[in-house]
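> Following this message is one structure expressed as structure tokens.
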Protein chains: 2
Amino acid sequence: MKPIAEELAKKQREISVAEFFEKNKHILGFDSTTRAILTAVKEAVDNSLDACEEANVMPEVLVEITQTDKKGVYTLKIEDNGPGIVKQQISNVFGRLLYGSRFHAIRQSRGQQGIGISAAVLYSQLTTGKPTRIISKIAEDRPAHVCNLMINTRQNMPEVVSEDITHWEKPHGTSVEMQMIGKYLRDSKQSPYEFLKNTAIVNPHARIVFKEPDGTVTTFERVAESMPKPCTDILPHPHGVEIGTVMKMLSHTSARKLGAFLQTSFCRISQRTSDEICQKAGLDSNLKPEDMGIEQISALVNAFKEVKLMAPPTDCLSPIGEILLKRALKRNSGTEIEFAASVTRAPSVYSGNPFIVEVAVAYCPSLPKDQTITIMRFANRVPLLFQQGACALTHGIEGVDWRRYGLDQRGGKGIPSGPVMMLVHVASTKVPFTSESKEAVADIPEIEQDIALALQECGRALNRHMHKNVRIAKLREKETIIKQLLPLIAQKSAHVLNRPVPSIEPVIAKIMNSILVDSRVEYIDGNRKTHKVFVDLINYTKTGHEFNLYAVVPEEAKLAEGSGATAGANGKLSWKVKMEPDERKSVIFELSGLEKDDYTEADIYFDGIESHIIDGIDPWKEEEKEEVYETVDKSESVADEISEAESGLACKANKEE
Amino acid sequence: MKPIAEELAKKQREISVAEFFEKNKHILGFDSTTRAILTAVKEAVDNSLDACEEANVMPEVLVEITQTDKKGVYTLKIEDNGPGIVKQQISNVFGRLLYGSRFHAIRQSRGQQGIGISAAVLYSQLTTGKPTRIISKIAEDRPAHVCNLMINTRQNMPEVVSEDITHWEKPHGTSVEMQMIGKYLRDSKQSPYEFLKNTAIVNPHARIVFKEPDGTVTTFERVAESMPKPCTDILPHPHGVEIGTVMKMLSHTSARKLGAFLQTSFCRISQRTSDEICQKAGLDSNLKPEDMGIEQISALVNAFKEVKLMAPPTDCLSPIGEILLKRALKRNSGTEIEFAASVTRAPSVYSGNPFIVEVAVAYCPSLPKDQTITIMRFANRVPLLFQQGACALTHGIEGVDWRRYGLDQRGGKGIPSGPVMMLVHVASTKVPFTSESKEAVADIPEIEQDIALALQECGRALNRHMHKNVRIAKLREKETIIKQLLPLIAQKSAHVLNRPVPSIEPVIAKIMNSILVDSRVEYIDGNRKTHKVFVDLINYTKTGHEFNLYAVVPEEAKLAEGSGATAGANGKLSWKVKMEPDERKSVIFELSGLEKDDYTEADIYFDGIESHIIDGIDPWKEEEKEEVYETVDKSESVADEISEAESGLACKANKEE
């Protein structure tokens, strides 16, 4: 009898990656007709923004969705002013899955795998049978190329249906146009509109024009006038590599000696560190890479973990920045924002991969007070619209006890309630997505911890803002009583008793018995474009007082001359204030270099005096930033690692648990 | 100036699928050291079971995990008695991703993509640099081949380190042995132990032996003595195909005419249906497939949706079955089960893909009463251990109002509490997993609805069981009062009053005034292996009564002669019972063909008499099964579709929403 295995072997064959993703299109975000349109727009816009940044061009992106005459078929066109794609590569970039330029680059970018846009092309041809049309122009003096292509899924290769040269008015750029069966929704949290609005918030240097099927045109204007800091590629960090990777690197290196291999193939390995690694691994640094056996490589990788190394360089990352984040939120979120605080953390590291966390917290009086807050999640400047509950960015928010910061939260865990928006952005050379459709970030303790710390900092500012409103209202009430009612009562009672009106000054002093501090910010337009800050002080006490007054201003701001302040680190200004009894005075300073919405509320603090004497502002607390995040495992090793990583000086090996 | 695009083009290149998954190993379930071991075991065991089923061999699987002397490195060995793999294919099957035999087959299977086991090989070499060792033997008279291989990730091709012929005592089978850095955990819900235990439950025909690193050996014995019904491949159903797929099918068909193409390429298209489709599409059925243009193909696919078609055949599916599910749960779950109910639904269909839902609900007195129930999820006989919250199988449970079935549930939604285990199994030619790591099933309304309906059926049985305990306790109390206390009271009072003891018969009759029904099941071992059911009836009323008595027995059971019952559909037995006043009688019947634990509690009902007269059992309700599931969109179309699909006669096109 013939063995069954021989029968079974006849069916065994290779599957192309295009066939695989065609059959598993839901993995790439094409799992429903509404989502398909959103995913295709997202992939094309991500590509446009990545390309513009690589070419250092301020992005101008046009997204146009129109309904064709056929039922359920839409045409999507995404056009940019990027560098374009050379003719020879157009068909590969759009017509092959797993074809791209960024797969091996270690730096922050939106796309990396070379799958996204080809998957959209695949979905388009699967649902309509139509080719995708690409126009590309790489320079003003070159012709534009137009190419209509499909994907041969059995081979994962492009099939060019037709190509030609055409006239295109743009100096350079790419346009992609495809048809697909879909369903266009606007009023959903997971719509192309929402995606583009959110994209504009975290890409303040981009200008995005959106034309919807019903003819509505929305322009998301850029709020930054310069490109973000460009990201540079870095070499792999020794703490993030596995034995198999090192084996592959050794077999491809041009270095002749182990020592040279280490120093040229990894970041943060100097001559000295290289010697230390070789010594710990018991290896000769003159060993030839090709002669190394598995046991030696294994010893090398183990030695990596025993040596203290500097954290990876962070010029591979490009955060948005606190000011731009607030500005974009105010201009493009479509929600009225009364107050916003934002924090960009110092770079940190997980498993050898550097990352930066940025968060913003905004108070929006028009949002409902009794519902959960609005959460916006971003990874490498791309909005995440799905799987909110399964994402580390959400878990970071849920892990903070928001009751401390004045928000309602059941049991001090979970998503808090209130008229608040929270934005969390993680930028990394390798965002640990939970799936290929890039919907959610995996629960990496280092990332969650950084998110929580940043949120706590914003939480304190939010609390101060909400608290200030209450406090100001109370002070106003007090003032009303003192300034208006007391004299009236004095007059009235004097009249009734037929006695002279008494002096109420001592009574007022007794009631107030404090130094009142209030502040306001005025924006002065015109040539100067400055923010003028007035801190008004009234000493209601019967004695003279001396104390320190502090203002924390954005680091980007320039302090005008004549403020009388001493400027310290981190934008901290300080004044010595001396006040006589009953004295009124104002501390005034001007800031330039900020735009209108960047600074609406001054952060004012005091110290050097008993707290109860000052009314209206908070005492300065130096240690506030050191507050510990409680829901993350606080085992010493993790804490050490993070504090060291943050110091930017050294990081220990990431221990797998 | 040279266009930037030319500079960028230099970096553009193809990425191999092995490189892609090496870098994104978390997508395949290798995201942590604990999970890596579990995932590798799972992939190997899935392959073993699939192979055994294809070769019609009762599976014997050995899983052995040992710790090597190196820190954190484990050796995994998985051995089966399957058909083996021919020598030429060993390296492809284990050394290439996306290489397999089941990708294009439309039938229920565990693996399909040809990724899983190669990904484990990849992870092994990545973390240890060591090759994987495979032994395979395809027949008793053939030698066993041993092969040590690694994967060349740049090319996604196997690299055979060494190969040889060896002696192996097995007649046929495959053994795979690999090393990996990992962490072995036993006491976790996501451990290899838990995975194998659950695998044994849904694969009652398999025998699994598990050797753990500490030397513990656990054997999960098979509880079925025959193979599950084999699954046959089916052709694609017209309701599940997209234009692009039809285009591809047309370009590869050997049919010369459209009509023949339709009838030979799809299931459920007869000559008549083919004509109807062509007519609706405005196409000539003699059209040559190669001549068809995109507009014609589009018209064809649209016509598919307008024509009524039979649901796809269901011999591509192999459910476990109600009896085996309960039996395996009782023997292999490791938890004491007092009562279990199970339901295997009729096949249903979503987007042209047939599926079957099976559920079991078990009452386990040893589980905590105040905690949420234990949920076990399965897809195509594979346990799902991750992402419980994001899975349609869980959502199906959460959508049922369990308060109606006697369980605690906050607000009638979410996971209920109580000493209960619920098992949900979905078998399909295409299980809609949410990601490539196959952790959760997507929310397909048709699947959720079927789960809910099956759970409600089990819920009613569970409720009856829990309720019966309460009712029996009450009846016992009543009996105690009547039979023991009343005579004592009568005696005592007669004695005190010095009067003759009164007759208490009329009092008893007045209190009871009903026909008491109680039932019990006895298992008779020995040669006969039968279940003997006693239904005891006592008429306490003062009049004669006639009514119908019903018992619902497993369809697999054989009724012995002499029961006096009339056997109806769906295992429903019925008796006409006539009882005189004060009469006692027993209805007795014997069932064969079941094993000891398969039948422990009889389902007894009555009708044809006023309900209050019968005590101890429920009245028969014919319409119980029609209860509507409330949390799913009840739009007419969906409801129609499902009821039609269930009837097995016709299904309408799945309309994408």
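The chains in the structure tokens are called A, B, ... from first to last as shown; in each chain the residues are counted from 1, and the ligands are counted from 1 in the order shown.
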Using only C-alpha atoms, I'd like every residue of chain A that has an atom within 6 Å of chain B; please write them out as a list in words.
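Every residue of chain A that passes the 6 Å test is in Pro3, Ala5, Lys11, Gln12, Arg13, Glu14, Ile15, Ile27, Pro83, Gly84, Ile85, Val86, Leu98, Tyr99, Gly100, Ser101, Gln125, Leu126, Thr127, Thr128, Gly129, Ile138, Ala139, Glu242, Ile243, Gly244 and Ser435 of chain A.
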> Name all residues at most 6 Å from Pro204 in chain B (count only C-alpha atoms; drop same-chain ones fewer than 5 positions away) and give them as a CSV table (one decimal) with C-alpha atoms, in the first residue's frame.

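Produced file out-v1.csv, reproduced below:
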chain,number,residue,atom,x,y,z
B,222,ARG,CA,-9.2,9.4,24.8
B,223,VAL,CA,-12.8,9.1,25.6
B,224,ALA,CA,-14.0,8.3,22.1
B,328,ALA,CA,-14.6,14.7,27.7
> May I have all residues of range 329-462 of chain A that DSSP, computed from the backbone, assigns to strand (DSSP E or B), given as a PyMOL selection string?
chain A and resi 339-344+348-350+353-363+372+374-379+382-384+408+417+420-428+433+441
> Taking into account only C-alpha atoms, which residue in the set A:Glu177, A:Glu53, A:Glu439, A:Glu398 is nearest to Ser318 in chain A?
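Of A:Glu177, A:Glu53, A:Glu439, A:Glu398, the one nearest Ser318 in chain A, counting only C-alpha atoms, is A:Glu53.
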> Please list as a PDB file with C-alpha atoms, in the first residue's frame every residue within 9 Å of range 185-195 of chain B, counting only C-alpha atoms and excluding residues in the same chain fewer than 6 positions away.

ATOM      1  CA  THR B  34       6.308  32.206  28.608  1.00  0.00           C
ATOM      2  CA  ARG B  35       4.099  32.431  25.624  1.00  0.00           C
ATOM      3  CA  ILE B  37       6.825  27.746  24.655  1.00  0.00           C
ATOM      4  CA  LEU B  38       3.049  27.534  24.663  1.00  0.00           C
ATOM      5  CA  THR B  39       2.819  28.732  21.064  1.00  0.00           C
ATOM      6  CA  VAL B  41       3.628  23.376  21.584  1.00  0.00           C
ATOM      7  CA  LYS B  42       0.317  24.514  20.174  1.00  0.00           C
ATOM      8  CA  PHE B 210       2.551  15.320  28.576  1.00  0.00           C
ATOM      9  CA  GLU B 212       6.822  18.410  32.136  1.00  0.00           C
ATOM     10  CA  THR B 218       0.053  13.478  32.701  1.00  0.00           C
ATOM     11  CA  VAL B 382      -8.145  24.246  19.156  1.00  0.00           C
ATOM     12  CA  PRO B 383      -8.296  25.969  22.583  1.00  0.00           C
ATOM     13  CA  LEU B 384      -8.154  29.769  22.508  1.00  0.00           C
ATOM     14  CA  LEU B 385      -6.255  30.947  25.579  1.00  0.00           C
ATOM     15  CA  PHE B 386      -5.704  34.650  24.902  1.00  0.00           C
TER      16      PHE B 386
END
> Please return as a ChimeraX atom specification: the residues of range 106-196 of chain A that backbone DSSP assigns to helix (DSSP H, G or I).
/A:116-128,192-196
> What is the CA of Thr174 in chain A to CA of Pro59 in chain A distance in Å?
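Between CA of Thr174 in chain A and CA of Pro59 in chain A the gap is 11.6 Å.
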> Counting only C-alpha atoms, what is within 7 Å of range 334-341 of chain B, bar same-chain residues fewer than 3 positions away, as a ChimeraX atom specification?
/B:326,330,360-366,458,461-462
> Report, in Å to a single decimal, how far apart CA of Val426 in chain A and CA of Asn353 in chain A are.
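Between these atoms lies a distance of 12.2 Å.
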